[in-house]
file final12.tsv (TSV, C-alpha atoms)
chain	number	residue	atom	x	y	z
A	23	MET	CA	112.52	94.72	138.40
A	24	MET	CA	109.73	92.72	139.98
A	25	PRO	CA	107.40	90.76	137.74
A	26	GLY	CA	104.44	92.75	138.95
A	27	GLN	CA	106.11	95.99	137.93
A	28	ARG	CA	106.79	94.66	134.45
A	29	LEU	CA	103.19	93.60	134.09
A	30	GLN	CA	102.05	97.00	135.33
A	31	GLY	CA	104.31	98.65	132.78
A	32	CYS	CA	102.81	96.53	130.03
A	33	ARG	CA	99.31	97.51	131.09
A	34	SER	CA	100.24	101.17	131.06
A	35	LEU	CA	101.48	100.71	127.51
A	36	HIS	CA	98.09	99.32	126.54
A	37	LEU	CA	96.29	102.25	128.11
A	38	ASN	CA	98.45	104.66	126.09
A	39	GLU	CA	97.76	102.90	122.81
A	40	ASP	CA	96.64	106.11	121.08
A	41	ASN	CA	99.91	107.86	121.98
A	42	GLY	CA	101.90	104.82	120.95
A	43	ARG	CA	100.13	104.66	117.60
A	44	PHE	CA	100.74	108.39	117.05
A	45	VAL	CA	104.47	108.13	117.82
A	46	LEU	CA	104.87	105.00	115.69
A	47	LEU	CA	103.08	106.62	112.76
A	48	ALA	CA	105.23	109.76	113.07
A	49	ILE	CA	108.39	107.63	113.01
A	50	LEU	CA	107.20	105.64	110.01
A	51	ILE	CA	106.27	108.82	108.11
A	52	LEU	CA	109.71	110.29	108.84
A	53	VAL	CA	111.41	107.13	107.56
A	54	TYR	CA	109.11	107.17	104.52
A	55	LEU	CA	110.09	110.78	103.78
A	56	LEU	CA	113.79	110.03	104.13
A	57	CYS	CA	113.53	107.05	101.78
A	58	GLY	CA	111.54	109.09	99.25
A	59	ALA	CA	114.05	111.93	99.39
A	60	ALA	CA	116.92	109.52	98.79
A	61	VAL	CA	115.21	107.89	95.81
A	62	PHE	CA	114.16	111.16	94.12
A	63	SER	CA	117.56	112.73	94.75
A	64	ALA	CA	119.28	109.78	93.09
A	65	ILE	CA	116.90	109.88	90.12
A	66	GLU	CA	116.42	113.60	89.48
A	67	ARG	CA	119.68	115.24	90.67
A	68	PRO	CA	121.82	114.22	87.65
A	69	SER	CA	119.18	115.60	85.27
A	70	GLU	CA	119.08	118.86	87.21
A	71	LEU	CA	122.86	119.28	86.99
A	72	ARG	CA	122.85	118.62	83.25
A	73	ALA	CA	120.04	121.18	82.76
A	74	HIS	CA	122.01	123.83	84.70
A	75	GLY	CA	125.08	123.16	82.60
A	76	ARG	CA	123.15	123.49	79.33
A	77	TRP	CA	121.44	126.69	80.48
A	78	ASN	CA	124.67	128.35	81.60
A	79	GLY	CA	126.25	127.49	78.26
A	80	THR	CA	123.27	128.92	76.38
A	81	LEU	CA	123.42	132.20	78.34
A	82	LEU	CA	127.14	132.55	77.74
A	83	ASN	CA	126.81	131.92	74.00
A	84	PHE	CA	123.90	134.36	73.71
A	85	SER	CA	125.82	137.04	75.63
A	86	GLU	CA	128.89	136.68	73.41
A	87	THR	CA	126.93	136.50	70.16
A	88	PHE	CA	124.78	139.62	70.71
A	89	ASN	CA	127.28	141.51	72.88
A	90	ILE	CA	124.97	141.68	75.91
A	91	SER	CA	126.30	141.51	79.42
A	92	LEU	CA	125.15	138.67	81.66
A	93	GLN	CA	123.81	141.21	84.16
A	94	GLU	CA	121.50	142.79	81.56
A	95	LEU	CA	120.45	139.39	80.30
A	96	ASN	CA	119.55	138.18	83.81
A	97	SER	CA	117.55	141.37	84.39
A	98	PHE	CA	115.56	140.64	81.24
A	99	LEU	CA	114.94	137.06	82.35
A	100	ARG	CA	113.58	138.28	85.69
A	101	GLU	CA	111.07	140.43	83.82
A	102	TYR	CA	110.08	137.42	81.76
A	103	GLU	CA	109.57	135.32	84.90
A	104	ALA	CA	107.27	138.02	86.27
A	105	ALA	CA	105.32	137.93	83.01
A	106	ILE	CA	104.97	134.15	83.28
A	107	ALA	CA	103.59	134.54	86.82
A	108	ALA	CA	100.99	136.95	85.42
A	109	GLY	CA	99.89	134.36	82.85
A	110	ILE	CA	101.74	135.68	79.81
A	111	ARG	CA	103.19	133.02	77.54
A	112	ALA	CA	104.86	132.99	74.15
A	113	ASP	CA	102.08	130.76	72.81
A	114	ALA	CA	98.49	131.94	72.77
A	115	LEU	CA	96.63	130.96	75.94
A	116	ARG	CA	93.09	131.58	77.02
A	117	PRO	CA	92.43	134.57	79.32
A	118	ARG	CA	93.12	133.74	82.94
A	119	TRP	CA	90.61	136.02	84.63
A	120	ASP	CA	87.53	135.96	82.47
A	121	PHE	CA	84.58	134.13	84.05
A	122	THR	CA	85.50	130.66	82.78
A	123	GLY	CA	89.14	131.12	83.73
A	124	ALA	CA	88.18	132.40	87.18
A	125	PHE	CA	85.79	129.45	87.63
A	126	TYR	CA	88.64	127.06	86.78
A	127	PHE	CA	90.83	128.86	89.31
A	128	VAL	CA	88.34	128.70	92.21
A	129	GLY	CA	87.80	125.01	91.43
A	130	THR	CA	91.51	124.35	91.96
A	131	VAL	CA	91.39	126.41	95.17
A	132	VAL	CA	88.49	124.72	96.96
A	133	SER	CA	89.66	121.25	95.87
A	134	THR	CA	93.15	122.07	97.26
A	135	ILE	CA	94.76	121.19	93.90
A	136	GLY	CA	96.44	124.57	93.42
A	137	PHE	CA	98.25	124.22	90.10
A	138	GLY	CA	99.89	127.62	90.42
A	139	MET	CA	99.32	128.57	86.79
A	140	THR	CA	96.87	131.28	87.85
A	141	THR	CA	97.47	133.28	91.02
A	142	PRO	CA	96.06	136.59	92.26
A	143	VAL	CA	98.50	139.50	91.97
A	144	THR	CA	96.46	142.30	93.57
A	145	ILE	CA	96.24	142.87	97.33
A	146	ALA	CA	92.44	142.67	97.24
A	147	GLY	CA	92.58	139.35	95.39
A	148	LYS	CA	95.06	137.84	97.87
A	149	VAL	CA	93.02	138.94	100.89
A	150	PHE	CA	89.79	137.63	99.37
A	151	LEU	CA	91.50	134.31	98.55
A	152	ILE	CA	92.37	133.74	102.22
A	153	PHE	CA	88.76	133.95	103.41
A	154	TYR	CA	87.31	132.33	100.29
A	155	GLY	CA	89.65	129.34	100.52
A	156	LEU	CA	89.03	128.90	104.26
A	157	LEU	CA	85.32	128.31	103.78
A	158	GLY	CA	85.55	126.65	100.37
A	159	CYS	CA	88.17	124.06	101.33
A	160	ALA	CA	86.23	123.09	104.48
A	161	GLY	CA	83.01	122.67	102.51
A	162	THR	CA	84.72	120.62	99.81
A	163	ILE	CA	86.31	118.27	102.35
A	164	LEU	CA	82.86	117.76	103.88
A	165	PHE	CA	81.54	116.97	100.39
A	166	PHE	CA	84.28	114.37	99.89
A	167	ASN	CA	83.43	112.74	103.23
A	168	LEU	CA	79.73	112.59	102.34
A	169	PHE	CA	80.67	111.14	98.96
A	170	LEU	CA	82.57	108.34	100.74
A	171	GLU	CA	79.55	107.64	102.95
A	172	ARG	CA	77.31	107.36	99.87
A	173	ILE	CA	79.76	105.00	98.21
A	174	ILE	CA	79.83	102.73	101.28
A	175	THR	CA	76.03	102.84	101.53
A	176	LEU	CA	75.68	101.92	97.85
A	177	LEU	CA	78.13	99.03	98.19
A	178	ALA	CA	76.35	97.83	101.32
A	179	VAL	CA	72.99	97.76	99.54
A	180	VAL	CA	74.35	95.87	96.53
A	181	MET	CA	76.44	93.36	98.47
A	182	LYS	CA	73.70	92.81	101.04
A	183	ALA	CA	71.24	92.00	98.25
A	184	VAL	CA	73.72	89.48	96.83
A	185	ARG	CA	74.12	87.78	100.22
A	186	GLU	CA	70.38	87.66	100.77
A	187	ARG	CA	69.98	85.97	97.40
A	188	ARG	CA	72.61	83.41	98.34
A	189	ILE	CA	70.83	82.62	101.61
A	190	ARG	CA	67.47	82.29	99.87
A	191	ASN	CA	68.92	79.98	97.23
A	192	SER	CA	70.71	77.83	99.82
A	193	GLY	CA	67.42	76.23	100.92
A	194	LEU	CA	68.06	76.70	104.64
A	195	LEU	CA	65.02	78.87	105.24
A	196	PRO	CA	61.49	77.49	105.60
A	197	PRO	CA	59.16	78.57	102.79
A	198	GLY	CA	56.92	80.52	105.19
A	199	ILE	CA	59.41	83.30	105.93
A	200	ARG	CA	61.25	83.62	102.61
A	201	HIS	CA	59.06	86.50	101.52
A	202	ASP	CA	59.68	88.45	104.76
A	203	PHE	CA	63.36	87.55	104.98
A	204	SER	CA	64.71	90.89	103.72
A	205	ALA	CA	63.21	92.73	106.67
A	206	TYR	CA	65.08	90.62	109.25
A	207	SER	CA	68.29	89.45	107.61
A	208	LEU	CA	71.75	90.89	108.09
A	209	PRO	CA	70.85	93.83	110.35
A	210	GLY	CA	73.55	96.52	110.37
A	211	TRP	CA	75.54	94.77	107.65
A	212	LYS	CA	78.46	96.70	106.17
A	213	PRO	CA	80.91	95.79	103.40
A	214	SER	CA	84.46	94.82	104.21
A	215	VAL	CA	87.04	97.58	104.22
A	216	TYR	CA	89.08	95.55	101.74
A	217	HIS	CA	86.13	95.31	99.34
A	218	VAL	CA	85.63	99.08	99.51
A	219	MET	CA	89.34	99.71	98.94
A	220	LEU	CA	89.39	97.36	95.95
A	221	ILE	CA	86.33	98.93	94.32
A	222	LEU	CA	87.56	102.49	94.89
A	223	GLY	CA	90.99	101.57	93.54
A	224	LEU	CA	89.53	100.04	90.39
A	225	SER	CA	87.25	103.06	89.94
A	226	ALA	CA	90.18	105.49	90.27
A	227	ILE	CA	92.24	103.49	87.75
A	228	THR	CA	89.33	103.39	85.28
A	229	ILE	CA	88.71	107.13	85.55
A	230	SER	CA	92.44	107.90	85.17
A	231	CYS	CA	92.78	105.71	82.08
A	232	CYS	CA	89.71	107.22	80.43
A	233	ALA	CA	90.82	110.78	81.25
A	234	SER	CA	94.33	110.07	79.93
A	235	ALA	CA	92.85	108.78	76.70
A	236	MET	CA	91.11	112.16	76.36
A	237	TYR	CA	94.10	114.35	77.37
A	238	THR	CA	96.62	112.63	75.09
A	239	PRO	CA	95.15	113.71	71.72
A	240	VAL	CA	93.62	116.99	72.90
A	241	GLU	CA	96.57	118.40	74.87
A	242	GLY	CA	99.29	116.67	72.83
A	243	TRP	CA	100.79	114.90	75.86
A	244	ALA	CA	102.24	111.41	75.98
A	245	TYR	CA	99.92	108.85	77.54
A	246	LEU	CA	102.27	108.32	80.51
A	247	ASP	CA	102.39	112.08	81.06
A	248	SER	CA	98.60	112.13	81.01
A	249	LEU	CA	98.47	109.38	83.66
A	250	TYR	CA	100.98	111.35	85.72
A	251	PHE	CA	98.82	114.47	85.41
A	252	CYS	CA	95.72	112.53	86.48
A	253	PHE	CA	97.34	111.25	89.65
A	254	VAL	CA	98.86	114.61	90.56
A	255	THR	CA	95.51	116.32	89.97
A	256	PHE	CA	93.16	113.73	91.50
A	257	SER	CA	95.32	113.46	94.63
A	258	THR	CA	95.23	117.30	94.91
A	259	ILE	CA	99.03	117.56	94.76
A	260	GLY	CA	98.89	119.93	91.81
A	261	PHE	CA	102.49	120.61	90.80
A	262	GLY	CA	101.49	122.75	87.82
A	263	ASP	CA	103.98	121.32	85.31
A	264	PHE	CA	101.01	119.92	83.37
A	265	VAL	CA	97.71	121.79	83.38
A	266	SER	CA	94.72	120.95	81.23
A	267	SER	CA	92.41	123.30	79.32
A	268	GLN	CA	94.89	126.18	79.02
A	269	SER	CA	95.07	126.72	75.26
A	270	ALA	CA	93.12	129.52	73.67
A	271	ALA	CA	91.02	127.24	71.49
A	272	TYR	CA	90.23	123.54	71.22
A	273	GLU	CA	88.24	121.48	68.81
A	274	TYR	CA	84.89	120.83	70.50
A	275	GLN	CA	86.00	123.23	73.24
A	276	SER	CA	82.76	123.28	75.26
A	277	LEU	CA	82.48	119.49	75.30
A	278	TYR	CA	86.13	119.15	76.31
A	279	ARG	CA	85.81	121.56	79.24
A	280	VAL	CA	82.70	119.78	80.52
A	281	ALA	CA	84.46	116.40	80.27
A	282	ASN	CA	87.56	117.85	81.94
A	283	PHE	CA	85.46	119.12	84.86
A	284	PHE	CA	83.65	115.77	85.18
A	285	PHE	CA	86.84	113.71	85.20
A	286	MET	CA	88.48	115.98	87.77
A	287	LEU	CA	85.45	115.90	90.07
A	288	MET	CA	85.04	112.13	89.96
A	289	GLY	CA	88.79	111.50	90.15
A	290	VAL	CA	89.31	113.72	93.18
A	291	CYS	CA	86.31	112.13	94.95
A	292	CYS	CA	87.53	108.58	94.29
A	293	ILE	CA	91.15	109.24	95.25
A	294	TYR	CA	90.17	111.12	98.41
A	295	SER	CA	87.85	108.28	99.44
A	296	LEU	CA	90.55	105.74	98.63
A	297	PHE	CA	93.03	107.60	100.84
A	298	ASN	CA	90.55	107.47	103.73
A	299	VAL	CA	90.03	103.74	103.35
A	300	ILE	CA	93.79	103.09	103.07
A	301	SER	CA	94.28	105.05	106.31
A	302	ILE	CA	91.98	102.53	108.04
A	303	VAL	CA	94.18	99.68	106.83
A	304	ILE	CA	97.30	101.55	107.98
A	305	LYS	CA	95.74	101.92	111.41
A	306	GLN	CA	95.16	98.17	111.54
A	307	VAL	CA	98.81	97.56	110.67
A	308	LEU	CA	99.90	99.99	113.41
A	309	ASN	CA	97.76	98.13	115.96
A	310	TRP	CA	99.36	94.86	114.91
A	311	MET	CA	102.87	96.34	115.17
A	312	LEU	CA	102.12	97.75	118.62
A	313	GLU	CA	100.95	94.35	119.78
A	314	LYS	CA	104.14	92.70	118.56
A	315	MET	CA	106.28	95.39	120.17
A	316	SER	CA	104.44	95.11	123.48
A	317	CYS	CA	105.06	91.35	123.56
A	318	LEU	CA	108.76	91.92	122.87
A	319	PHE	CA	109.12	94.46	125.71
A	320	CYS	CA	107.12	92.37	128.16
A	321	GLN	CA	107.67	88.66	127.61
A	322	ARG	CA	105.43	87.70	130.51
A	323	CYS	CA	102.35	89.34	129.04
A	324	ASN	CA	99.58	87.02	127.99
A	325	LYS	CA	98.39	87.16	124.40
A	326	ALA	CA	94.85	87.67	125.63
A	327	ASN	CA	95.89	90.64	127.76
A	328	ALA	CA	98.24	91.92	125.09
A	329	PHE	CA	95.40	92.65	122.71
A	330	LEU	CA	95.97	96.26	121.78
A	331	GLY	CA	93.22	98.30	120.36
A	332	ARG	CA	89.77	99.10	121.39
A	333	ARG	CA	86.62	97.52	120.10
A	334	ASN	CA	87.01	99.37	116.82
A	335	ALA	CA	90.47	97.98	116.04
A	336	ILE	CA	91.01	95.07	113.66
A	337	ARG	CA	94.25	93.14	113.75
A	338	PRO	CA	95.61	91.97	110.43
A	339	GLY	CA	97.16	88.55	110.33
A	340	SER	CA	95.32	87.14	113.32
A	341	LYS	CA	95.57	83.37	113.60
A	342	GLY	CA	91.89	82.87	114.16
A	343	ARG	CA	90.89	85.13	111.35
A	344	LYS	CA	89.96	83.33	108.16
A	345	GLY	CA	87.00	85.32	106.98
A	346	ARG	CA	88.82	87.81	104.75
A	347	PHE	CA	91.27	86.21	102.40
A	348	GLY	CA	91.75	82.68	103.66
A	349	GLN	CA	88.11	81.84	104.16
A	350	PRO	CA	86.84	78.69	102.44
A	351	PRO	CA	84.45	79.29	99.58
A	352	ASP	CA	81.55	77.58	101.34
A	353	SER	CA	81.79	79.82	104.39
A	354	ASP	CA	80.09	82.76	102.70
A	355	GLY	CA	76.73	81.17	103.22
A	356	PRO	CA	74.15	81.60	105.97
A	357	CYS	CA	76.73	81.76	108.76
A	358	ASP	CA	77.08	85.48	107.92
A	359	SER	CA	74.96	87.56	110.28
A	360	ASP	CA	74.96	91.05	111.69
A	361	THR	CA	78.41	90.40	113.15
A	362	GLU	CA	79.59	90.26	109.54
A	363	GLY	CA	78.49	93.87	109.34
A	364	ARG	CA	81.02	94.78	111.98
A	365	ARG	CA	84.07	93.96	109.89
A	366	LEU	CA	85.12	97.59	109.88
A	367	SER	CA	84.89	97.79	113.66
A	368	GLY	CA	85.72	94.26	114.81
A	369	GLU	CA	83.02	94.55	117.46
A	370	MET	CA	81.92	91.34	119.18
A	371	ILE	CA	78.30	90.32	119.56
A	372	SER	CA	76.66	91.70	122.70
A	373	MET	CA	74.19	90.01	125.02
A	374	LYS	CA	71.54	92.49	123.92
A	375	ASP	CA	71.88	91.36	120.32
A	376	LEU	CA	71.89	87.72	121.40
A	377	ALA	CA	68.70	88.16	123.41
A	378	ALA	CA	66.91	90.01	120.59
A	379	SER	CA	66.47	86.91	118.40
A	380	SER	CA	64.69	87.57	115.13
A	381	LYS	CA	62.41	85.37	113.06
A	382	VAL	CA	65.40	84.17	111.07
A	383	SER	CA	67.13	82.94	114.24
A	384	LEU	CA	63.97	81.04	115.22
A	385	ALA	CA	63.76	79.49	111.78
A	386	ILE	CA	67.39	78.37	111.93
A	387	MET	CA	66.79	76.90	115.39
A	388	GLN	CA	63.78	74.96	114.08
A	389	LYS	CA	65.79	73.66	111.15
A	390	GLN	CA	68.62	72.59	113.47
A	391	LEU	CA	66.20	70.68	115.69
A	392	SER	CA	64.59	69.07	112.64
A	393	GLU	CA	67.92	68.04	111.15
A	394	SER	CA	69.15	66.67	114.47
A	395	ALA	CA	65.98	64.63	114.88
A	396	ASN	CA	66.26	63.27	111.32
A	397	GLY	CA	70.00	62.67	111.56
A	398	TYR	CA	70.99	65.11	108.79
A	399	PRO	CA	74.33	66.91	109.05
A	400	ARG	CA	74.31	70.62	109.87
A	401	THR	CA	75.87	72.96	107.29
A	402	VAL	CA	74.92	76.33	108.72
A	403	CYS	CA	78.45	77.30	109.59
A	404	GLY	CA	80.96	74.69	108.59
A	405	SER	CA	83.95	76.50	110.06
A	406	SER	CA	82.66	76.76	113.61
A	407	ARG	CA	84.34	73.58	114.81
A	408	HIS	CA	87.65	74.74	113.45
A	409	ASN	CA	87.47	77.76	115.74
A	410	GLY	CA	87.05	75.80	118.96
A	411	PHE	CA	83.28	76.18	119.26
A	412	SER	CA	81.21	73.00	119.38
A	413	GLY	CA	78.04	72.50	117.40
A	414	GLY	CA	74.87	72.10	119.43
A	415	VAL	CA	71.29	72.74	118.51
A	416	GLY	CA	68.71	75.35	119.40
A	417	ALA	CA	69.77	78.49	121.23
A	418	LEU	CA	73.13	76.94	122.16
A	419	GLY	CA	73.85	76.19	118.49
A	420	ILE	CA	72.94	79.74	117.49
A	421	MET	CA	75.22	81.20	120.15
A	422	ASN	CA	78.09	78.94	119.09
A	423	ASN	CA	77.64	79.97	115.46
A	424	ARG	CA	77.66	83.65	116.43
A	425	LEU	CA	80.82	83.19	118.53
A	426	ALA	CA	82.46	81.30	115.66
A	427	GLU	CA	81.59	84.15	113.27
A	428	THR	CA	83.08	86.66	115.69
A	429	SER	CA	86.22	84.55	115.95
A	430	ASN	CA	86.48	84.43	112.16
A	431	SER	CA	85.99	88.18	111.82
A	432	ARG	CA	88.80	88.73	114.27
call {"tool": "encode", "arguments": {"input": "final12.tsv", "output": "structure tokens"}}
result
Amino acid sequence: MMPGQRLQGCRSLHLNEDNGRFVLLAILILVYLLCGAAVFSAIERPSELRAHGRWNGTLLNFSETFNISLQELNSFLREYEAAIAAGIRADALRPRWDFTGAFYFVGTVVSTIGFGMTTPVTIAGKVFLIFYGLLGCAGTILFFNLFLERIITLLAVVMKAVRERRIRNSGLLPPGIRHDFSAYSLPGWKPSVYHVMLILGLSAITISCCASAMYTPVEGWAYLDSLYFCFVTFSTIGFGDFVSSQSAAYEYQSLYRVANFFFMLMGVCCIYSLFNVISIVIKQVLNWMLEKMSCLFCQRCNKANAFLGRRNAIRPGSKGRKGRFGQPPDSDGPCDSDTEGRRLSGEMISMKDLAASSKVSLAIMQKQLSESANGYPRTVCGSSRHNGFSGGVGALGIMNNRLAETSNSR
């Protein structure tokens, strides 16, 4: 094969990055499922076999003791299973289809939890559920997405205010523009995807621990079982082996049902948002794996041309990227600009943004000129020289700082 053909093949691989990411993700999910099946089979299969053995022995003893054939006994058990499906239990439970029970049921439907404890048995109820769930699930997913947007907006406002305070306290801005700095600083700034994932993860853990502390004494579950129930419920898996608020009466019943609804709502919102943020990180890892695979299949490809991913792709583990986890502590100062707000997208600074210099850029340029004339060292972005960009003053210094920030973010 000619070298030009190999290079052309590598370029075609880059153009089909979306298909490559889809195939790679499908393969990884299949491997993940196979590994999970092997682990659960090794853990749960012996317990299942022991349970079958005990149950068969119990049926045989009952049949011999009361002189009942196994066929008649199995027929009775089928009737009991049908009664369980209708919501009939040996212990007293609350009504399934009064208004509060029906409200609990529709909440599990639109949130896609689906415990299975309550199910419609009439034809009219099943038909209505199909259309009701179609619209309700779509609306609830939209609500979860809007909740994630509000969380990111809230984090951006808080973290942006913290960064503005750091820049004001650093003494790099002339006194004349400090009062108007908030209107021009950090345009388009967004929090890091890792910060959002950390905060959502801590929030989900806090909600789960608090909810488990409530379920353990009220429902009579072990604390680990309560944590298990919280994850299964908040992630909308909904096995149905543990279901809250099913007894006929509770102490402080109204307060408990309100708290149960609140914990489920907040837990589902946090876990759903966390899943979305984790999917962004998984996409970054897939882009990095595709880049490594493309370099293995085409050894002549240049690392600059082998950059897979569009402008919205971020590569984890990049050599020139020190702004996430390996960034020095003093680099969180004024060198952060609106390019810092593109951490989620990895987008480089454009000429339009460079030309549209704000008052803050002019103030930094004046300070650079003043420090250069007085012989003071520049500390605006101490990591720029480590990225291959020289210092400079004025507009050239500003451009070098912006390019250094972009190199760090990548």
call {"tool": "atom_distance", "arguments": {"input": "final12.tsv", "atom1": "atom CA of Ala107 of chain A", "atom2": "atom CA of Ala146 of chain A"}}
result
17.3 Å
call {"tool": "residues_around", "arguments": {"input": "final12.tsv", "residues": "segment 128-135 of chain A", "least_positions_apart": "6", "cutoff": "9 Å", "atoms": "all atoms listed in the file", "output": "list in words"}}
result
Leu151, Tyr154, Gly155, Leu156, Leu157, Gly158, Cys159, Ala160, Gly161, Thr162, Ile163, Val254, Thr255, Phe256, Ser257, Thr258, Ile259, Gly260, Phe261, Leu287 and Val290 of chain A
call {"tool": "closest_atom_pairs", "arguments": {"input": "final12.tsv", "of": "segment 241-335 of chain A", "to": "segment 167-171 of chain A", "cutoff": "9 Å", "atoms": "all atoms listed in the file", "output": "CSV"}}
result
residue,atom,partner,partner_atom,distance
A:Cys291,CA,A:Phe169,CA,7.0
A:Cys292,CA,A:Leu170,CA,8.1
A:Tyr294,CA,A:Leu170,CA,8.4
A:Ser295,CA,A:Leu170,CA,5.4
A:Leu296,CA,A:Leu170,CA,8.7
A:Asn298,CA,A:Leu170,CA,8.6
call {"tool": "residues_around", "arguments": {"input": "final12.tsv", "residues": "Glu94 of chain A", "least_positions_apart": "6", "cutoff": "12 Å", "atoms": "all atoms listed in the file", "output": "ChimeraX atom specification"}}
result
/A:81,84-85,88,100-101
call {"tool": "closest_residue", "arguments": {"input": "final12.tsv", "among": "A:Phe285, A:Tyr272, A:Trp243, A:Phe44", "to": "Cys231 of chain A", "atoms": "only C-alpha atoms"}}
result
A:Phe285
call {"tool": "atom_distance", "arguments": {"input": "final12.tsv", "atom1": "atom CA of Leu55 of chain A", "atom2": "atom CA of Phe253 of chain A"}}
result
19.0 Å
call {"tool": "closest_residue", "arguments": {"input": "final12.tsv", "among": "A:Lys148, A:Leu92, A:Lys305, A:Thr140", "to": "Asp40 of chain A", "atoms": "all atoms listed in the file"}}
result
A:Lys305
call {"tool": "closest_residue", "arguments": {"input": "final12.tsv", "among": "A:Met139, A:Cys57, A:Ala73, A:Leu95", "to": "Asp263 of chain A", "atoms": "only C-alpha atoms"}}
result
A:Met139
call {"tool": "atom_distance", "arguments": {"input": "final12.tsv", "atom1": "atom CA of Ser301 of chain A", "atom2": "atom CA of Val218 of chain A"}}
result
12.5 Å
